[in-house]
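K.L.:
Once you've had a glance at the structure underneath, I'll fire off some questions.
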Amino acid sequence: MTTVQDLPQIRGVKNIPIQEGYTSGHRTCQGCESALVMRLMIKAAGPRTIVVGSTGCMYVANTTYYSTPWVVPWMHTQLGSSGSAAMGTAAGLASQMRKGKMKNEPINVIAFCGDGGGVDMGLSAVSAALQHDEYNLLILCYDNESYANTDIQVSGSSPWGANSTFSPPGKVHNIMNKRWKKNTAPMLAVGHPNCRYVATACGSYGLDFTNKIRRALTIGGPTFIHSIDPCPKGWDYDPKYSHELGMLAVETGIWVQYEIVDGELILNGPTKAIANGIRKRKPVEDYLMRQGRFAHFTPDDLKMFQAKIDESWEKWWIPGVVPMSPEAGA
Amino acid sequence: MTIAPAQAAMYQEEREELISGSEAIGIACALADVDVITAYPIRPYDTVMQYVSKLKADGAFDCDFIVAESEHSQFEIVKHASAVGARTFCGSSGVGWFYAFEAIAVTAGLRLPVVAMVGNRALDDPGAFGVEHNDALAVRDLGWMLYWVATAQEALDIALLAYKVAEDPRVFLPFALSCDGSFLTHSQAIVNVPTFEQVQKFLPNYDRGRLLLHPDNPITIAPQVNEDWLMEIRRQSDEAMRRSTAVIKEHYEDFKRTFGRGDPSPFIEEYMVDDAEIVLVGMGTLALPARVAVRRLREAGKKVGFLRVKFFRPFATEEIQEALSRCKAVAVIDRDYSYGSPANGGVLFNELRSAMYAASNHPHILNFIAGLGGREVLVRDINGIVDTTQQAIDIGKIEQETTWVAVRE
Ligand SMILES: Cc1ncc(C[n+]2csc(CCOP(=O)(O)OP(=O)(O)O)c2C)c(N)n1
Ligand code: SF4
Ligand SMILES: [Mg+2]
């Protein structure tokens, strides 16, 4: 296995590196949290990093020929290929370094994918990559909860009921997307016990976010981070509220912030305060009703959504994370 | 560069081995010191991966050998490994090759010199393991060089040539080695195995140069170009494929000098074509029954020859025109189909007939679809093909352009 870089945890927002690896030249929407995620990701990783990204907004809106925002080496990969791209890049480097065909040094390998690319189409390749302990790599799924680049269609990671161009509310069917959002990070953590680091994240918590990237890159082996990224276009709200919506996702308990490090679950920030009873969860309505994609929700829909979130906190084995419970009395 | 001691030890002296076409390609990979190899099981190509994995297990091949979870990933992994400068190998057969098709298409678009083996197989359903050429032929328009191998020796030799041509910066295009399922992949023959020293003399390291994806060379690969630039980029690929003809010739001469074997032309094999009135044309292991049939017909006084198309891409239009400039009729034997195509013929037939349009000689060109799904093409089938073709010469016209050979009607 190749060695990892020395990327210490950052203490305090002011110590986040000033150096940018993702700069001007992109044309993402105003208020695009995924763009912030890219920026934080590469600030944390630093210049000795290769980034590969699957098709989606963070490819199409980012890299226009002659005006790339990437200061680090960057390459596109196919929609379902973030796992394979990470593995191929890491294997290519490792093999050449071992055989003396390339200078031996730690180079970070990060592959990012959207929810469509990672949670749906590329899931099997992500899973395969997480099985290969011999490669150091990070797969970052930036989840804007739709196939955004193709004009906002529901994915397996879209919330129940969300309006999208493939799930518009109509005269007969008010709710077209009847699927509940996939519980991706726990699925990957549970399914790949050798994978040393799986985390959820949110760009609204910048310091936490950069430190998670660093932990993922330095622990060794393949790692996975799933971030929730408010998307003004797909979620239908004023771009100035992106940051606030990210926080609301966490404060309502819809999005749960945690790391799973060597099999140990560590809750972070507001999630931890909620779990410890220090903070109360805000009603989901406070989050949902701020977004046009839920504007068609009836009071019953809201109630049903709230009940599902309550259940995940009150009935699940590990609240918000593991949706099962031990046999009664066992 | 350091070669693993056990790997180096295996190839210190030239020797002969009784091996299959798949094994021959596996040995070529070890000799070329390939860095990253990806595997996924499908018959018949996967015999090469069985062999490679054993070499690796025995310490006789230092490579990253990754068993992918699908063919799509298999080809994506090597694509990305190639972008960071690693020499790569993978392969597939039939529907597996099609499962990877997205990755296969972009590998050519990205000008990455991946070398792949296609163990030609029918595209089942309905279930069939045997050879058909439609799998590999599907990439013919995309920028892959495409070669049809006829013997295990050729498989080893052309695998080495493939790396040298694909990785030549004048070309930088992927290379597919097509091998007829069973007839080549699983059939053993005596193969001359060269030494490491010879191979290293012939094959330099892969150097991606200023296109290397690395922190020391922080480029962006495959940004959005759209109508602004795509046409220019396609044109560059077109130029690269055009240039490949001269590069192949150059490196093939070098190959012959280094290893002391090879044909006059890398593109086509001519077997008694010079004075032939009827020339049979085909690809791959069809050469074996074709040569036997030609020899016997010659003994009977019939002027027949066989032209084997080795490179389907780049297609050796001028050499083929020249080789067919003296004959009266041509019988193209396709181990493939192209439903609804001109004459409802095969792919090779249509390609060749198009190539002959601008030729000075205009022989009758007939098409025969044969050996699909791995059905053996027998000497007597070929005799029948020659008879039908002779009729066209005798009556001065083609009564039926395409004939399915030895098929139940
Ligand atoms: C194989 C394939 N199918 C479909 C597409 C069309 N496509 C391009 S971007 C995209 C959306 C991807 O969604 P996601 O991964 O969530 O990224 P986002 O656009 O939301 O950032 C799709 C479906 C494609 N590029 N490749
Ligand atoms: S559609 Fe959403 S994810 Fe895409 S660029 Fe706009 S805000 Fe970002
Ligand atoms: Mg998305």
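Simple scheme: letters A, B, ... for chains in structure tokens order, numbers from 1 for residues in each chain, numbers from 1 for ligands in the order shown.
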Got a sec to check which residues lie within 6 Å of ligand 1, using only C-alpha atoms and all ligand atoms, and send them as an MDAnalysis selection string?

P.N.:
chainID A and resid 55:58 79 113:117 144 146:150

K.L.:
Restricting it to C-alpha atoms, dump the selection as a compact mmCIF listing (two decimals), in the first residue's frame.

P.N.:
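The result, written out as result_23.txt:
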```txt
# COMPACT_ATOMS: atom_id res chain seq x y z
CA THR A 55 -20.90 13.19 -14.94
CA GLY A 56 -23.33 15.64 -13.34
CA CYS A 57 -23.43 19.30 -12.37
CA MET A 58 -19.97 19.16 -10.85
CA LEU A 79 -21.70 8.56 -14.59
CA CYS A 113 -20.04 11.52 -7.72
CA GLY A 114 -23.52 12.94 -7.47
CA ASP A 115 -26.37 11.01 -5.92
CA GLY A 116 -27.45 9.80 -9.34
CA GLY A 117 -23.93 8.68 -10.14
CA ASN A 144 -28.15 17.37 -4.20
CA SER A 146 -31.76 14.75 -7.79
CA TYR A 147 -30.28 14.19 -11.19
CA ALA A 148 -29.72 17.92 -11.26
CA ASN A 149 -27.68 18.39 -14.38
CA THR A 150 -30.29 16.80 -16.63
```

K.L.:
Could you please tell me, as a tab-separated table (two decimals) with N, CA and C atoms, in the first residue's frame, which residues of chain A have an atom within 6 Å of chain B when using only C-alpha atoms?

P.N.:
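Result saved to selection01.tsv:
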```tsv
chain	number	residue	atom	x	y	z
A	48	ARG	N	-1.31	18.07	-3.68
A	48	ARG	CA	-0.82	16.77	-4.17
A	48	ARG	C	-1.98	15.79	-4.22
A	63	THR	N	-16.44	22.31	-15.61
A	63	THR	CA	-15.27	22.26	-16.48
A	63	THR	C	-15.67	22.53	-17.92
A	64	THR	N	-15.52	23.75	-18.31
A	64	THR	CA	-15.70	24.12	-19.71
A	64	THR	C	-14.32	24.24	-20.32
A	65	TYR	N	-14.15	23.69	-21.49
A	65	TYR	CA	-12.85	23.71	-22.16
A	65	TYR	C	-12.28	25.12	-22.15
A	72	VAL	N	-5.82	21.59	-9.33
A	72	VAL	CA	-5.24	20.26	-9.21
A	72	VAL	C	-5.58	19.47	-10.48
A	73	PRO	N	-4.83	18.36	-10.72
A	73	PRO	CA	-5.19	17.53	-11.88
A	73	PRO	C	-6.61	16.98	-11.71
A	74	TRP	N	-7.37	17.06	-12.76
A	74	TRP	CA	-8.77	16.66	-12.71
A	74	TRP	C	-9.14	15.88	-13.96
A	75	MET	N	-9.96	14.86	-13.78
A	75	MET	CA	-10.40	14.08	-14.95
A	75	MET	C	-11.86	13.67	-14.77
A	76	HIS	N	-12.56	13.71	-15.87
A	76	HIS	CA	-13.96	13.26	-15.86
A	76	HIS	C	-14.01	11.73	-15.84
A	84	SER	N	-14.77	3.01	-9.85
A	84	SER	CA	-13.75	2.46	-10.75
A	84	SER	C	-12.67	3.48	-11.05
A	85	ALA	N	-13.08	4.74	-11.17
A	85	ALA	CA	-12.12	5.79	-11.48
A	85	ALA	C	-11.14	5.95	-10.32
A	88	GLY	N	-8.91	2.80	-10.38
A	88	GLY	CA	-7.98	2.80	-11.51
A	88	GLY	C	-6.85	3.80	-11.29
A	89	THR	N	-7.20	4.99	-10.80
A	89	THR	CA	-6.19	6.02	-10.55
A	89	THR	C	-5.23	5.54	-9.46
A	92	GLY	N	-3.12	2.58	-10.70
A	92	GLY	CA	-2.12	3.03	-11.67
A	92	GLY	C	-0.93	3.65	-10.97
A	95	SER	N	0.98	0.90	-8.67
A	95	SER	CA	1.75	-0.06	-9.44
A	95	SER	C	3.05	0.56	-9.96
A	99	LYS	N	6.95	-0.36	-8.76
A	99	LYS	CA	7.91	-0.89	-9.74
A	99	LYS	C	9.00	0.12	-10.10
A	100	GLY	N	8.96	1.27	-9.45
A	100	GLY	CA	10.00	2.27	-9.73
A	100	GLY	C	9.82	3.00	-11.04
A	101	LYS	N	8.60	2.98	-11.58
A	101	LYS	CA	8.36	3.69	-12.84
A	101	LYS	C	7.90	5.13	-12.58
```

K.L.:
Please provide as a compact mmCIF listing (two decimals) with C-alpha atoms, in the first residue's frame all residues within 12 Å of B:Asp125, with the sequence filter that same-chain residues fewer than 5 positions apart are discarded (counting only C-alpha atoms).

P.N.:
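Below is the file part_7.txt, written as the result:
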```
# COMPACT_ATOMS: atom_id res chain seq x y z
CA GLY B 94 -19.60 -11.05 -26.42
CA VAL B 95 -22.14 -9.44 -24.12
CA GLY B 373 -21.99 -19.12 -33.10
```

K.L.:
Within 12 Å of ligand 2, which residues show up when you count only C-alpha atoms and all ligand atoms? List them as a PyMOL selection string, please.

P.N.:
chain A and resi 26-38+55-63+113-116+142-153+164+228-242

K.L.:
Pick out each residue of stretch 22-97 of chain A that DSSP on the backbone tags as alpha helix (DSSP H); I need them as number ranges by chain.

P.N.:
A: 33-45, 57-60, 82-97

K.L.:
Excluding A:Glu259 and residues on its chain fewer than 5 positions from it, collect all residues at most 12 Å away from it, counting only C-alpha atoms, and give them as a PyMOL selection string.

P.N.:
chain A and resi 185-186+189+196-201+208-209+211-213+215-216+223-227+264-269+271-272+321

K.L.:
For the residues selected in the previous step, produce a file with N, CA, C and O atoms as a short mmCIF file (atom, residue, chain, number, x, y, z; two decimals), in the first residue's frame.

P.N.:
```cif
data_model
loop_
_atom_site.label_atom_id
_atom_site.label_comp_id
_atom_site.auth_asym_id
_atom_site.auth_seq_id
_atom_site.Cartn_x
_atom_site.Cartn_y
_atom_site.Cartn_z
N ALA A 185 -24.91 5.85 3.40
CA ALA A 185 -23.66 5.72 4.17
C ALA A 185 -23.68 4.51 5.10
O ALA A 185 -22.72 3.72 5.11
N PRO A 186 -24.77 4.31 5.87
CA PRO A 186 -24.79 3.10 6.71
C PRO A 186 -24.74 1.82 5.89
O PRO A 186 -24.09 0.85 6.28
N ALA A 189 -21.22 1.32 5.09
CA ALA A 189 -20.41 1.00 6.27
C ALA A 189 -20.67 -0.43 6.74
O ALA A 189 -19.75 -1.20 6.99
N ARG A 196 -12.40 1.58 6.62
CA ARG A 196 -12.10 2.16 7.93
C ARG A 196 -12.82 3.48 8.20
O ARG A 196 -12.87 3.95 9.33
N TYR A 197 -13.34 4.10 7.14
CA TYR A 197 -13.94 5.41 7.39
C TYR A 197 -15.12 5.67 6.45
O TYR A 197 -14.97 5.70 5.23
N VAL A 198 -16.27 5.86 7.06
CA VAL A 198 -17.47 6.27 6.33
C VAL A 198 -18.06 7.44 7.11
O VAL A 198 -18.15 7.37 8.34
N ALA A 199 -18.44 8.50 6.43
CA ALA A 199 -19.00 9.65 7.16
C ALA A 199 -20.09 10.31 6.34
O ALA A 199 -20.14 10.18 5.11
N THR A 200 -20.96 11.02 7.03
CA THR A 200 -21.87 11.94 6.38
C THR A 200 -21.34 13.35 6.67
O THR A 200 -20.59 13.55 7.63
N ALA A 201 -21.73 14.30 5.85
CA ALA A 201 -21.21 15.65 6.02
C ALA A 201 -22.18 16.66 5.42
O ALA A 201 -23.12 16.29 4.71
N ASP A 208 -15.94 21.08 10.21
CA ASP A 208 -16.24 19.65 10.32
C ASP A 208 -16.02 18.97 8.97
O ASP A 208 -15.43 17.88 8.89
N PHE A 209 -16.47 19.64 7.93
CA PHE A 209 -16.37 19.06 6.59
C PHE A 209 -14.91 18.84 6.19
O PHE A 209 -14.52 17.76 5.75
N ASN A 211 -12.28 18.63 8.03
CA ASN A 211 -11.62 17.63 8.87
C ASN A 211 -12.04 16.20 8.50
O ASN A 211 -11.24 15.28 8.59
N LYS A 212 -13.28 16.06 8.08
CA LYS A 212 -13.71 14.73 7.63
C LYS A 212 -12.95 14.31 6.37
O LYS A 212 -12.52 13.16 6.23
N ILE A 213 -12.77 15.25 5.47
CA ILE A 213 -12.00 14.94 4.26
C ILE A 213 -10.59 14.49 4.66
O ILE A 213 -10.06 13.50 4.16
N ARG A 215 -9.56 13.24 7.53
CA ARG A 215 -9.55 11.93 8.19
C ARG A 215 -9.68 10.81 7.15
O ARG A 215 -8.99 9.80 7.22
N ALA A 216 -10.55 11.04 6.19
CA ALA A 216 -10.76 10.02 5.15
C ALA A 216 -9.49 9.78 4.35
O ALA A 216 -9.20 8.65 3.96
N THR A 223 -12.25 4.98 1.42
CA THR A 223 -13.16 5.64 2.36
C THR A 223 -14.30 6.30 1.59
O THR A 223 -14.20 6.50 0.37
N PHE A 224 -15.34 6.62 2.33
CA PHE A 224 -16.54 7.17 1.68
C PHE A 224 -17.14 8.29 2.52
O PHE A 224 -17.30 8.13 3.73
N ILE A 225 -17.46 9.41 1.87
CA ILE A 225 -18.17 10.50 2.54
C ILE A 225 -19.41 10.86 1.72
O ILE A 225 -19.34 10.97 0.49
N HIS A 226 -20.51 10.99 2.41
CA HIS A 226 -21.77 11.36 1.76
C HIS A 226 -22.17 12.74 2.27
O HIS A 226 -22.42 12.92 3.45
N SER A 227 -22.21 13.73 1.37
CA SER A 227 -22.58 15.06 1.86
C SER A 227 -23.93 15.49 1.29
O SER A 227 -24.28 15.15 0.16
N GLU A 264 -16.48 2.31 14.80
CA GLU A 264 -17.08 3.06 15.90
C GLU A 264 -17.87 4.25 15.36
O GLU A 264 -17.36 5.02 14.54
N LEU A 265 -19.11 4.37 15.83
CA LEU A 265 -19.97 5.46 15.36
C LEU A 265 -19.78 6.69 16.24
O LEU A 265 -19.93 6.63 17.46
N ILE A 266 -19.45 7.81 15.59
CA ILE A 266 -19.27 9.06 16.33
C ILE A 266 -20.23 10.09 15.75
O ILE A 266 -20.13 10.45 14.58
N LEU A 267 -21.19 10.53 16.56
CA LEU A 267 -22.12 11.54 16.08
C LEU A 267 -21.45 12.91 16.18
O LEU A 267 -20.65 13.15 17.08
N ASN A 268 -21.81 13.81 15.24
CA ASN A 268 -21.17 15.12 15.24
C ASN A 268 -22.18 16.25 15.42
O ASN A 268 -23.33 16.13 14.99
N GLY A 269 -21.69 17.35 15.96
CA GLY A 269 -22.39 18.64 15.99
C GLY A 269 -23.81 18.55 16.53
O GLY A 269 -24.09 17.85 17.52
N THR A 271 -26.33 16.92 15.57
CA THR A 271 -26.86 15.56 15.66
C THR A 271 -26.55 14.96 17.02
O THR A 271 -27.40 14.33 17.66
N LYS A 272 -25.34 15.18 17.47
CA LYS A 272 -24.91 14.64 18.76
C LYS A 272 -25.74 15.26 19.89
O LYS A 272 -26.22 14.56 20.80
N VAL A 321 -29.53 6.09 11.96
CA VAL A 321 -28.46 5.44 11.22
C VAL A 321 -28.84 4.01 10.80
O VAL A 321 -28.81 3.68 9.62
#
```

K.L.:
Tell me, which residues of stretch 22-240 of chain B carry DSSP strand (DSSP E), written as a PyMOL selection string?

P.N.:
chain B and resi 36-39+64-67+88-92+115-120+145-148+175-180+188-193+220-221

K.L.:
Quick one: pull the distance between atom CA of A:His243 and atom CA of A:Gln19, Å, one decimal.

P.N.:
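Atom CA of A:His243 sits 22.1 Å away from atom CA of A:Gln19.
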
K.L.:
One decimal, in Å: what's the spacing between atom CA of A:Ile18 and atom CA of A:Met247?

P.N.:
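Here the two named atoms are 24.0 Å from each other.
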
K.L.:
Write out as a short mmCIF file (atom, residue, chain, number, x, y, z; two decimals) with N, CA, C and O atoms, in the first residue's frame which residues come within 9 Å of stretch 257-266 of chain B when counting only C-alpha atoms, dropping same-chain ones fewer than 3 positions away.

P.N.:
```cif
data_model
loop_
_atom_site.label_atom_id
_atom_site.label_comp_id
_atom_site.auth_asym_id
_atom_site.auth_seq_id
_atom_site.Cartn_x
_atom_site.Cartn_y
_atom_site.Cartn_z
N GLU B 154 0.99 -15.49 -33.28
CA GLU B 154 0.60 -14.14 -33.71
C GLU B 154 -0.01 -13.37 -32.54
O GLU B 154 0.20 -12.16 -32.40
N ASP B 157 2.86 -12.08 -30.50
CA ASP B 157 3.62 -11.07 -31.24
C ASP B 157 2.84 -9.76 -31.37
O ASP B 157 3.38 -8.68 -31.14
N PRO B 194 9.81 -15.01 -26.59
CA PRO B 194 11.05 -14.24 -26.59
C PRO B 194 11.56 -13.95 -25.17
O PRO B 194 10.90 -14.30 -24.19
N GLN B 198 14.94 -8.99 -25.23
CA GLN B 198 14.45 -8.67 -26.58
C GLN B 198 13.26 -7.72 -26.50
O GLN B 198 13.18 -6.74 -27.24
N VAL B 199 12.34 -8.04 -25.59
CA VAL B 199 11.12 -7.24 -25.50
C VAL B 199 11.45 -5.82 -25.06
O VAL B 199 10.91 -4.84 -25.57
N LYS B 201 14.11 -4.23 -25.54
CA LYS B 201 14.76 -3.54 -26.65
C LYS B 201 13.71 -2.99 -27.62
O LYS B 201 13.83 -1.90 -28.15
N PHE B 202 12.67 -3.80 -27.79
CA PHE B 202 11.63 -3.44 -28.76
C PHE B 202 10.64 -2.43 -28.19
O PHE B 202 10.20 -1.50 -28.87
N ILE B 248 2.34 1.69 -37.64
CA ILE B 248 2.27 0.22 -37.58
C ILE B 248 3.35 -0.39 -38.46
O ILE B 248 4.08 -1.29 -38.06
N LYS B 249 3.44 0.13 -39.68
CA LYS B 249 4.47 -0.38 -40.61
C LYS B 249 5.86 -0.25 -40.02
O LYS B 249 6.65 -1.20 -40.02
N TYR B 252 6.34 -2.58 -37.08
CA TYR B 252 6.31 -3.99 -37.50
C TYR B 252 7.67 -4.37 -38.10
O TYR B 252 8.17 -5.48 -37.86
N GLU B 253 8.25 -3.44 -38.84
CA GLU B 253 9.61 -3.70 -39.37
C GLU B 253 10.59 -3.88 -38.21
O GLU B 253 11.43 -4.78 -38.22
N ASP B 254 10.45 -3.03 -37.23
CA ASP B 254 11.29 -3.11 -36.04
C ASP B 254 11.08 -4.45 -35.33
O ASP B 254 12.03 -5.10 -34.87
N GLU B 269 -2.54 -10.77 -44.98
CA GLU B 269 -1.74 -11.93 -45.34
C GLU B 269 -2.24 -12.41 -46.69
O GLU B 269 -3.44 -12.63 -46.87
N GLU B 270 -1.34 -12.57 -47.62
CA GLU B 270 -1.74 -13.05 -48.94
C GLU B 270 -1.26 -14.48 -49.09
O GLU B 270 -0.07 -14.76 -48.96
N LYS B 310 -5.95 -8.73 -41.52
CA LYS B 310 -5.46 -8.80 -40.14
C LYS B 310 -5.91 -7.55 -39.38
O LYS B 310 -6.58 -7.64 -38.36
N PHE B 311 -5.55 -6.41 -39.87
CA PHE B 311 -6.05 -5.16 -39.26
C PHE B 311 -7.39 -4.82 -39.90
O PHE B 311 -7.45 -4.56 -41.10
N GLU B 319 -3.66 -1.50 -49.82
CA GLU B 319 -3.04 -2.84 -49.95
C GLU B 319 -4.06 -3.85 -50.44
O GLU B 319 -3.74 -4.76 -51.22
#
```
